[in-house]
$ cat entry_4.cif   # mmCIF, C-alpha atoms
data_start
#
loop_
_atom_site.group_PDB
_atom_site.id
_atom_site.type_symbol
_atom_site.label_atom_id
_atom_site.label_comp_id
_atom_site.auth_asym_id
_atom_site.auth_seq_id
_atom_site.Cartn_x
_atom_site.Cartn_y
_atom_site.Cartn_z
ATOM 1 C CA MET B 394 -9.259 141.827 56.359
ATOM 2 C CA SER B 395 -12.855 140.716 56.511
ATOM 3 C CA SER B 396 -13.719 137.052 56.087
ATOM 4 C CA PHE B 397 -17.222 137.788 54.849
ATOM 5 C CA LYS B 398 -17.948 136.951 51.251
ATOM 6 C CA PHE B 399 -20.904 138.469 49.508
ATOM 7 C CA SER B 400 -22.033 139.453 46.073
ATOM 8 C CA LEU B 401 -24.461 141.995 44.750
ATOM 9 C CA GLU B 402 -27.283 141.056 42.456
ATOM 10 C CA ALA B 403 -29.101 143.566 40.286
ATOM 11 C CA ARG B 404 -32.878 143.383 40.676
ATOM 12 C CA SER B 405 -35.671 145.438 39.247
ATOM 13 C CA PRO B 406 -37.736 147.511 41.725
ATOM 14 C CA LEU B 407 -40.789 145.234 41.379
ATOM 15 C CA ASP B 408 -38.853 142.022 40.718
ATOM 16 C CA LEU B 409 -40.267 141.752 37.162
ATOM 17 C CA TYR B 410 -43.844 141.982 38.432
ATOM 18 C CA GLN B 411 -46.686 141.026 36.101
ATOM 19 C CA ARG B 412 -50.337 140.438 36.970
ATOM 20 C CA THR B 413 -53.564 140.350 34.998
ATOM 21 C CA ILE B 414 -56.747 141.240 36.834
ATOM 22 C CA GLY B 415 -59.836 140.874 34.680
ATOM 23 C CA SER B 416 -59.167 142.802 31.481
ATOM 24 C CA VAL B 417 -56.222 144.853 32.819
ATOM 25 C CA THR B 418 -52.583 143.816 32.926
ATOM 26 C CA LEU B 419 -50.036 145.456 35.216
ATOM 27 C CA GLU B 420 -46.424 144.835 34.213
ATOM 28 C CA GLU B 421 -43.097 146.260 35.238
ATOM 29 C CA VAL B 422 -41.137 147.297 32.161
ATOM 30 C CA SER B 423 -37.571 146.649 33.207
ATOM 31 C CA ASP B 424 -35.604 146.588 29.961
ATOM 32 C CA LEU B 425 -35.745 150.348 29.412
ATOM 33 C CA ALA B 426 -33.138 153.023 29.905
ATOM 34 C CA ILE B 427 -34.284 156.460 31.038
ATOM 35 C CA VAL B 428 -31.908 159.314 30.237
ATOM 36 C CA SER B 429 -32.555 162.974 30.938
ATOM 37 C CA ILE B 430 -31.380 165.391 28.256
ATOM 38 C CA ALA B 431 -31.113 169.009 29.361
ATOM 39 C CA ALA B 432 -30.060 172.130 27.546
ATOM 40 C CA PRO B 433 -27.444 174.516 28.922
ATOM 41 C CA LEU B 434 -28.420 178.096 29.656
ATOM 42 C CA ASP B 435 -29.631 179.760 26.442
ATOM 43 C CA GLY B 436 -28.956 176.542 24.512
ATOM 44 C CA GLU B 437 -32.502 175.275 24.060
ATOM 45 C CA ALA B 438 -32.940 176.246 20.393
ATOM 46 C CA ALA B 439 -29.623 174.696 19.355
ATOM 47 C CA LEU B 440 -30.323 171.463 21.251
ATOM 48 C CA HIS B 441 -33.821 171.198 19.760
ATOM 49 C CA LYS B 442 -32.279 171.315 16.276
ATOM 50 C CA VAL B 443 -29.670 168.689 17.177
ATOM 51 C CA VAL B 444 -32.303 166.315 18.588
ATOM 52 C CA ASP B 445 -34.382 166.764 15.436
ATOM 53 C CA LYS B 446 -31.413 166.089 13.170
ATOM 54 C CA LYS B 447 -29.572 163.353 15.107
ATOM 55 C CA LEU B 448 -32.459 161.451 16.707
ATOM 56 C CA GLY B 449 -34.939 162.050 13.895
ATOM 57 C CA ALA B 450 -37.750 163.436 16.042
ATOM 58 C CA GLN B 451 -38.827 166.861 17.172
ATOM 59 C CA TRP B 452 -38.151 168.007 20.724
ATOM 60 C CA PRO B 453 -41.488 167.317 22.454
ATOM 61 C CA SER B 454 -43.328 170.214 23.982
ATOM 62 C CA ILE B 455 -44.336 169.951 27.635
ATOM 63 C CA GLY B 456 -47.073 167.357 28.034
ATOM 64 C CA THR B 457 -46.326 165.475 24.826
ATOM 65 C CA SER B 458 -43.990 162.766 23.635
ATOM 66 C CA THR B 459 -42.450 161.847 20.316
ATOM 67 C CA LEU B 460 -41.110 158.581 18.970
ATOM 68 C CA THR B 461 -37.835 158.451 17.048
ATOM 69 C CA PRO B 462 -37.285 156.088 14.099
ATOM 70 C CA HIS B 463 -35.008 154.033 16.387
ATOM 71 C CA GLY B 464 -37.666 153.555 19.070
ATOM 72 C CA HIS B 465 -36.605 156.229 21.551
ATOM 73 C CA ARG B 466 -39.672 157.702 23.284
ATOM 74 C CA LEU B 467 -38.914 161.369 24.086
ATOM 75 C CA LEU B 468 -41.042 162.636 26.991
ATOM 76 C CA GLY B 469 -41.614 166.402 27.165
ATOM 77 C CA LEU B 470 -41.357 167.249 30.849
ATOM 78 C CA GLN B 471 -39.932 170.795 30.876
ATOM 79 C CA ALA B 472 -39.060 173.430 28.298
ATOM 80 C CA ASP B 473 -35.345 172.686 28.580
ATOM 81 C CA MET B 474 -35.347 169.015 29.674
ATOM 82 C CA ILE B 475 -36.775 165.766 28.332
ATOM 83 C CA PHE B 476 -36.498 162.082 29.139
ATOM 84 C CA ALA B 477 -35.392 159.662 26.440
ATOM 85 C CA VAL B 478 -36.832 156.218 27.196
ATOM 86 C CA PHE B 479 -35.522 153.351 25.095
ATOM 87 C CA ALA B 480 -34.480 149.708 25.105
ATOM 88 C CA HIS B 481 -30.863 149.509 26.183
ATOM 89 C CA PRO B 482 -29.498 146.322 27.714
ATOM 90 C CA GLY B 483 -26.607 146.925 30.032
ATOM 91 C CA GLY B 484 -25.364 150.146 31.531
ATOM 92 C CA ARG B 485 -24.090 153.529 30.391
ATOM 93 C CA ALA B 486 -27.213 154.536 28.506
ATOM 94 C CA GLU B 487 -26.260 158.198 28.926
ATOM 95 C CA VAL B 488 -23.075 157.618 26.928
ATOM 96 C CA SER B 489 -25.159 156.180 24.097
ATOM 97 C CA ILE B 490 -27.326 159.317 23.983
ATOM 98 C CA GLN B 491 -24.364 161.683 24.340
ATOM 99 C CA ASP B 492 -22.585 159.919 21.474
ATOM 100 C CA GLN B 493 -25.692 160.126 19.265
ATOM 101 C CA LEU B 494 -26.220 163.818 19.963
ATOM 102 C CA SER B 495 -22.591 164.932 20.180
ATOM 103 C CA ALA B 496 -23.965 168.277 21.297
ATOM 104 C CA ASP B 497 -23.597 170.755 24.102
ATOM 105 C CA CYS B 498 -26.119 169.281 26.538
ATOM 106 C CA TYR B 499 -26.346 167.572 29.885
ATOM 107 C CA VAL B 500 -27.280 163.885 29.954
ATOM 108 C CA THR B 501 -27.909 161.850 33.078
ATOM 109 C CA ASP B 502 -28.860 158.193 33.364
ATOM 110 C CA GLN B 503 -32.072 158.050 35.413
ATOM 111 C CA SER B 504 -32.767 154.337 34.819
ATOM 112 C CA ASP B 505 -32.157 153.211 38.402
ATOM 113 C CA ALA B 506 -34.145 156.110 39.852
ATOM 114 C CA PHE B 507 -37.476 155.219 38.215
ATOM 115 C CA VAL B 508 -39.790 152.264 37.946
ATOM 116 C CA VAL B 509 -41.958 151.939 34.836
ATOM 117 C CA LEU B 510 -45.288 150.207 35.373
ATOM 118 C CA ALA B 511 -47.270 149.500 32.199
ATOM 119 C CA VAL B 512 -51.016 149.383 32.769
ATOM 120 C CA ALA B 513 -52.923 148.013 29.788
ATOM 121 C CA GLY B 514 -56.226 146.524 28.771
ATOM 122 C CA SER B 515 -59.792 147.402 27.927
ATOM 123 C CA GLY B 516 -60.582 148.642 31.458
ATOM 124 C CA VAL B 517 -57.405 150.627 31.994
ATOM 125 C CA THR B 518 -58.963 154.102 31.902
ATOM 126 C CA ASP B 519 -61.639 153.165 34.449
ATOM 127 C CA ALA B 520 -58.967 151.855 36.826
ATOM 128 C CA LEU B 521 -56.678 154.856 36.399
ATOM 129 C CA GLU B 522 -59.530 157.296 37.012
ATOM 130 C CA ARG B 523 -59.782 155.943 40.564
ATOM 131 C CA VAL B 524 -56.279 157.161 41.462
ATOM 132 C CA CYS B 525 -55.382 159.789 38.848
ATOM 133 C CA PRO B 526 -56.877 163.306 39.009
ATOM 134 C CA LEU B 527 -56.330 163.954 35.281
ATOM 135 C CA ASP B 528 -58.968 163.663 32.576
ATOM 136 C CA LEU B 529 -57.727 160.578 30.717
ATOM 137 C CA SER B 530 -60.391 160.564 28.021
ATOM 138 C CA SER B 531 -59.079 160.166 24.473
ATOM 139 C CA LYS B 532 -60.046 163.755 23.660
ATOM 140 C CA ALA B 533 -58.259 165.317 26.662
ATOM 141 C CA PHE B 534 -55.381 162.811 26.863
ATOM 142 C CA PRO B 535 -54.529 161.509 23.373
ATOM 143 C CA VAL B 536 -51.876 158.918 22.573
ATOM 144 C CA GLY B 537 -48.461 160.486 23.213
ATOM 145 C CA CYS B 538 -49.689 162.753 25.990
ATOM 146 C CA THR B 539 -47.268 162.782 28.942
ATOM 147 C CA LEU B 540 -47.942 164.652 32.176
ATOM 148 C CA GLN B 541 -46.672 164.742 35.718
ATOM 149 C CA THR B 542 -49.280 164.273 38.425
ATOM 150 C CA SER B 543 -49.913 162.753 41.811
ATOM 151 C CA MET B 544 -51.536 159.360 42.261
ATOM 152 C CA GLU B 545 -52.453 158.670 45.850
ATOM 153 C CA HIS B 546 -49.362 160.172 47.575
ATOM 154 C CA ILE B 547 -46.964 159.333 44.751
ATOM 155 C CA GLY B 548 -45.441 161.677 42.177
ATOM 156 C CA VAL B 549 -46.013 159.990 38.808
ATOM 157 C CA THR B 550 -45.293 160.749 35.183
ATOM 158 C CA ILE B 551 -48.077 159.209 33.110
ATOM 159 C CA SER B 552 -47.566 158.646 29.390
ATOM 160 C CA LYS B 553 -50.208 157.247 27.053
ATOM 161 C CA GLN B 554 -48.581 154.691 24.745
ATOM 162 C CA SER B 555 -51.748 153.544 22.949
ATOM 163 C CA GLU B 556 -55.505 153.788 23.429
ATOM 164 C CA ASP B 557 -55.404 151.077 26.085
ATOM 165 C CA CYS B 558 -51.843 151.282 27.460
ATOM 166 C CA PHE B 559 -50.260 153.790 29.843
ATOM 167 C CA TRP B 560 -46.778 153.936 31.314
ATOM 168 C CA LEU B 561 -46.514 155.118 34.898
ATOM 169 C CA LEU B 562 -43.045 156.347 35.901
ATOM 170 C CA ALA B 563 -42.361 156.849 39.598
ATOM 171 C CA ALA B 564 -39.390 156.937 41.926
ATOM 172 C CA THR B 565 -38.186 153.420 42.695
ATOM 173 C CA SER B 566 -38.751 154.063 46.403
ATOM 174 C CA TYR B 567 -42.484 154.214 45.615
ATOM 175 C CA ALA B 568 -42.581 151.140 43.358
ATOM 176 C CA GLY B 569 -44.432 148.945 45.841
ATOM 177 C CA SER B 570 -46.907 151.681 46.776
ATOM 178 C CA LEU B 571 -47.649 152.466 43.127
ATOM 179 C CA CYS B 572 -48.171 148.807 42.324
ATOM 180 C CA HIS B 573 -50.485 148.358 45.330
ATOM 181 C CA ALA B 574 -52.519 151.470 44.421
ATOM 182 C CA MET B 575 -52.977 150.252 40.853
ATOM 183 C CA GLU B 576 -53.849 146.697 41.896
ATOM 184 C CA THR B 577 -56.503 148.072 44.250
ATOM 185 C CA ALA B 578 -57.911 150.404 41.599
ATOM 186 C CA VAL B 579 -58.102 147.618 39.034
ATOM 187 C CA ILE B 580 -59.786 145.217 41.474
ATOM 188 C CA GLN B 581 -62.355 147.865 42.379
ATOM 189 C CA THR B 582 -63.314 148.435 38.733
ATOM 190 C CA GLN B 583 -63.618 144.801 37.625
#

$ encode --input "entry_4.cif" --output "structure tokens"
Amino acid sequence: MSSFKFSLEARSPLDLYQRTIGSVTLEEVSDLAIVSIAAPLDGEAALHKVVDKKLGAQWPSIGTSTLTPHGHRLLGLQADMIFAVFAHPGGRAEVSIQDQLSADCYVTDQSDAFVVLAVAGSGVTDALERVCPLDLSSKAFPVGCTLQTSMEHIGVTISKQSEDCFWLLAATSYAGSLCHAMETAVIQTQ
């Protein structure tokens, strides 16, 4: 029997990071659950109807997002798979979604696999354009637009929450690199 005593402490990937540089604020959003919802083979149409009925929002097409009446942001990533991003303190977020849908689908809690970095402020688009190859103008990238891209060497899902706020979702293993890249971009545009 080991005499070592230890305990585990849950921590967010960026340790609740928040920093304002000029007019742009970078902030880790740590109180969100991220759950993938995927349709079984040939079950897309049925699942789309269930999501519409049970969550109160249409299944988002690829590159878009929808907001449910209960505050779930549904991110359209693939034809047969979306992310539901929502406030959910505690664990077992996938059970919450499965119970709401009670449908033939696959749900997986992705919360610990991703970091969400909110980048907001009047200079946010200028800063993002330094590291993001997408056209982020309001015409090309309206509120609700959600796309997967590469920023620096990091795979990122970028979702426009409002005219001056974007969410950046990346693997937790890249949290520090993403934060550093955004800090540098913001500093260079101030």

$ resolve_selection --input "entry_4.cif" --expression "the PyMOL selection byres ((chain B and resi 430) around 9)" --output "list in words"
Val428, Ser429, Ala431, Ala432, Asp473, Met474, Ile475, Phe476, Ala477, Glu487, Ile490, Gln491, Cys498, Tyr499, Val500 and Thr501 of chain B

$ resolve_selection --input "entry_4.cif" --expression "the PyMOL selection byres ((chain B and resi 530-534) around 12)" --output "PDB file with C-alpha atoms, keeping the file's coordinate frame"
ATOM      1  CA  GLY B 456     -47.073 167.357  28.034  1.00  0.00           C
ATOM      2  CA  THR B 457     -46.326 165.475  24.826  1.00  0.00           C
ATOM      3  CA  SER B 458     -43.990 162.766  23.635  1.00  0.00           C
ATOM      4  CA  VAL B 517     -57.405 150.627  31.994  1.00  0.00           C
ATOM      5  CA  THR B 518     -58.963 154.102  31.902  1.00  0.00           C
ATOM      6  CA  ASP B 519     -61.639 153.165  34.449  1.00  0.00           C
ATOM      7  CA  LEU B 521     -56.678 154.856  36.399  1.00  0.00           C
ATOM      8  CA  GLU B 522     -59.530 157.296  37.012  1.00  0.00           C
ATOM      9  CA  CYS B 525     -55.382 159.789  38.848  1.00  0.00           C
ATOM     10  CA  PRO B 526     -56.877 163.306  39.009  1.00  0.00           C
ATOM     11  CA  LEU B 527     -56.330 163.954  35.281  1.00  0.00           C
ATOM     12  CA  ASP B 528     -58.968 163.663  32.576  1.00  0.00           C
ATOM     13  CA  LEU B 529     -57.727 160.578  30.717  1.00  0.00           C
ATOM     14  CA  PRO B 535     -54.529 161.509  23.373  1.00  0.00           C
ATOM     15  CA  VAL B 536     -51.876 158.918  22.573  1.00  0.00           C
ATOM     16  CA  GLY B 537     -48.461 160.486  23.213  1.00  0.00           C
ATOM     17  CA  CYS B 538     -49.689 162.753  25.990  1.00  0.00           C
ATOM     18  CA  THR B 539     -47.268 162.782  28.942  1.00  0.00           C
ATOM     19  CA  LEU B 540     -47.942 164.652  32.176  1.00  0.00           C
ATOM     20  CA  ILE B 551     -48.077 159.209  33.110  1.00  0.00           C
ATOM     21  CA  SER B 552     -47.566 158.646  29.390  1.00  0.00           C
ATOM     22  CA  LYS B 553     -50.208 157.247  27.053  1.00  0.00           C
ATOM     23  CA  GLN B 554     -48.581 154.691  24.745  1.00  0.00           C
ATOM     24  CA  SER B 555     -51.748 153.544  22.949  1.00  0.00           C
ATOM     25  CA  GLU B 556     -55.505 153.788  23.429  1.00  0.00           C
ATOM     26  CA  ASP B 557     -55.404 151.077  26.085  1.00  0.00           C
ATOM     27  CA  CYS B 558     -51.843 151.282  27.460  1.00  0.00           C
ATOM     28  CA  PHE B 559     -50.260 153.790  29.843  1.00  0.00           C
TER      29      PHE B 559
END

$ residues_around --input "entry_4.cif" --residues "stretch 544-550 of chain B" --least-positions-apart "2" --cutoff "10 Å" --atoms "only C-alpha atoms" --output "ChimeraX atom specification"
/B:456,468,470,507-509,521-527,539-542,552,560-564,566-568,570-571,574-575

$ write_last_selection --input "entry_4.cif" --atoms "C-alpha atoms" --output "compact mmCIF listing (two decimals), in the frame of the given file"
# COMPACT_ATOMS: atom_id res chain seq x y z
CA GLY B 456 -47.07 167.36 28.03
CA LEU B 468 -41.04 162.64 26.99
CA LEU B 470 -41.36 167.25 30.85
CA PHE B 507 -37.48 155.22 38.22
CA VAL B 508 -39.79 152.26 37.95
CA VAL B 509 -41.96 151.94 34.84
CA LEU B 521 -56.68 154.86 36.40
CA GLU B 522 -59.53 157.30 37.01
CA ARG B 523 -59.78 155.94 40.56
CA VAL B 524 -56.28 157.16 41.46
CA CYS B 525 -55.38 159.79 38.85
CA PRO B 526 -56.88 163.31 39.01
CA LEU B 527 -56.33 163.95 35.28
CA THR B 539 -47.27 162.78 28.94
CA LEU B 540 -47.94 164.65 32.18
CA GLN B 541 -46.67 164.74 35.72
CA THR B 542 -49.28 164.27 38.42
CA SER B 552 -47.57 158.65 29.39
CA TRP B 560 -46.78 153.94 31.31
CA LEU B 561 -46.51 155.12 34.90
CA LEU B 562 -43.04 156.35 35.90
CA ALA B 563 -42.36 156.85 39.60
CA ALA B 564 -39.39 156.94 41.93
CA SER B 566 -38.75 154.06 46.40
CA TYR B 567 -42.48 154.21 45.62
CA ALA B 568 -42.58 151.14 43.36
CA SER B 570 -46.91 151.68 46.78
CA LEU B 571 -47.65 152.47 43.13
CA ALA B 574 -52.52 151.47 44.42
CA MET B 575 -52.98 150.25 40.85

$ atom_distance --input "entry_4.cif" --atom1 "atom CA of B:Ser515" --atom2 "atom CA of B:Val579"
11.2 Å

$ closest_residue --input "entry_4.cif" --among "B:Pro462, B:Asp408, B:Ser543, B:Ala520" --to "B:Lys447" --atoms "all atoms listed in the file"
B:Pro462

$ resolve_selection --input "entry_4.cif" --expression "the PyMOL selection byres ((chain B and resi 425) around 6)" --output "PyMOL selection string"
chain B and resi 423-424+426+479-481

$ closest_residue --input "entry_4.cif" --among "B:Ile427, B:Gly469, B:Asp435, B:Leu401" --to "B:Gln451" --atoms "all atoms listed in the file"
B:Gly469

$ residues_around --input "entry_4.cif" --residues "B:Ala506" --least-positions-apart "2" --cutoff "6 Å" --atoms "all atoms listed in the file" --output "CSV table (one decimal) with C-alpha atoms, keeping the file's coordinate frame"
chain,number,residue,atom,x,y,z
B,503,GLN,CA,-32.1,158.0,35.4
B,504,SER,CA,-32.8,154.3,34.8
B,564,ALA,CA,-39.4,156.9,41.9
B,565,THR,CA,-38.2,153.4,42.7

$ atom_distance --input "entry_4.cif" --atom1 "atom CA of B:Gly483" --atom2 "atom CA of B:Ala511"
20.9 Å

$ atom_distance --input "entry_4.cif" --atom1 "atom CA of B:Gln411" --atom2 "atom CA of B:Gln583"
17.4 Å

$ closest_residue --input "entry_4.cif" --among "B:Ala496, B:Gly514, B:Ala472, B:Thr418" --to "B:Leu440" --atoms "only C-alpha atoms"
B:Ala496

$ closest_residue --input "entry_4.cif" --among "B:Thr577, B:Asp505, B:Val422, B:Asp492" --to "B:Leu448" --atoms "all atoms listed in the file"
B:Asp492

$ build_atoms --input "entry_4.cif" --residues "stretch 544-560 of chain B" --atoms "N, CA and C atoms" --output "mmCIF file, in the coordinates of the input"
data_model
loop_
_atom_site.group_PDB
_atom_site.id
_atom_site.type_symbol
_atom_site.label_atom_id
_atom_site.label_comp_id
_atom_site.auth_asym_id
_atom_site.auth_seq_id
_atom_site.Cartn_x
_atom_site.Cartn_y
_atom_site.Cartn_z
ATOM 1 N N MET B 544 -50.593 160.464 42.135
ATOM 2 C CA MET B 544 -51.536 159.360 42.261
ATOM 3 C C MET B 544 -51.394 158.843 43.679
ATOM 4 N N GLU B 545 -52.514 158.940 44.430
ATOM 5 C CA GLU B 545 -52.453 158.670 45.850
ATOM 6 C C GLU B 545 -51.451 159.683 46.418
ATOM 7 N N HIS B 546 -50.377 159.260 47.023
ATOM 8 C CA HIS B 546 -49.362 160.172 47.575
ATOM 9 C C HIS B 546 -48.072 160.147 46.753
ATOM 10 N N ILE B 547 -48.154 159.634 45.541
ATOM 11 C CA ILE B 547 -46.964 159.333 44.751
ATOM 12 C C ILE B 547 -46.863 160.275 43.549
ATOM 13 N N GLY B 548 -45.697 160.886 43.374
ATOM 14 C CA GLY B 548 -45.441 161.677 42.177
ATOM 15 C C GLY B 548 -45.227 160.738 40.997
ATOM 16 N N VAL B 549 -46.032 160.911 39.939
ATOM 17 C CA VAL B 549 -46.013 159.990 38.808
ATOM 18 C C VAL B 549 -45.978 160.780 37.502
ATOM 19 N N THR B 550 -45.208 160.285 36.559
ATOM 20 C CA THR B 550 -45.293 160.749 35.183
ATOM 21 C C THR B 550 -46.105 159.707 34.445
ATOM 22 N N ILE B 551 -47.208 160.129 33.836
ATOM 23 C CA ILE B 551 -48.077 159.209 33.110
ATOM 24 C C ILE B 551 -47.976 159.518 31.627
ATOM 25 N N SER B 552 -47.750 158.477 30.830
ATOM 26 C CA SER B 552 -47.566 158.646 29.390
ATOM 27 C C SER B 552 -48.442 157.637 28.664
ATOM 28 N N LYS B 553 -49.293 158.119 27.786
ATOM 29 C CA LYS B 553 -50.208 157.247 27.053
ATOM 30 C C LYS B 553 -49.498 156.685 25.829
ATOM 31 N N GLN B 554 -49.302 155.363 25.821
ATOM 32 C CA GLN B 554 -48.581 154.691 24.745
ATOM 33 C C GLN B 554 -49.499 154.282 23.599
ATOM 34 N N SER B 555 -50.732 153.904 23.936
ATOM 35 C CA SER B 555 -51.748 153.544 22.949
ATOM 36 C C SER B 555 -53.103 153.772 23.602
ATOM 37 N N GLU B 556 -54.169 153.525 22.880
ATOM 38 C CA GLU B 556 -55.505 153.788 23.429
ATOM 39 C C GLU B 556 -55.766 153.022 24.724
ATOM 40 N N ASP B 557 -55.144 151.861 24.881
ATOM 41 C CA ASP B 557 -55.404 151.077 26.085
ATOM 42 C C ASP B 557 -54.129 150.710 26.844
ATOM 43 N N CYS B 558 -53.093 151.543 26.728
ATOM 44 C CA CYS B 558 -51.843 151.282 27.460
ATOM 45 C C CYS B 558 -51.219 152.595 27.937
ATOM 46 N N PHE B 559 -50.921 152.642 29.223
ATOM 47 C CA PHE B 559 -50.260 153.790 29.843
ATOM 48 C C PHE B 559 -48.985 153.315 30.521
ATOM 49 N N TRP B 560 -47.960 154.149 30.488
ATOM 50 C CA TRP B 560 -46.778 153.936 31.314
ATOM 51 C C TRP B 560 -46.878 154.859 32.513
#
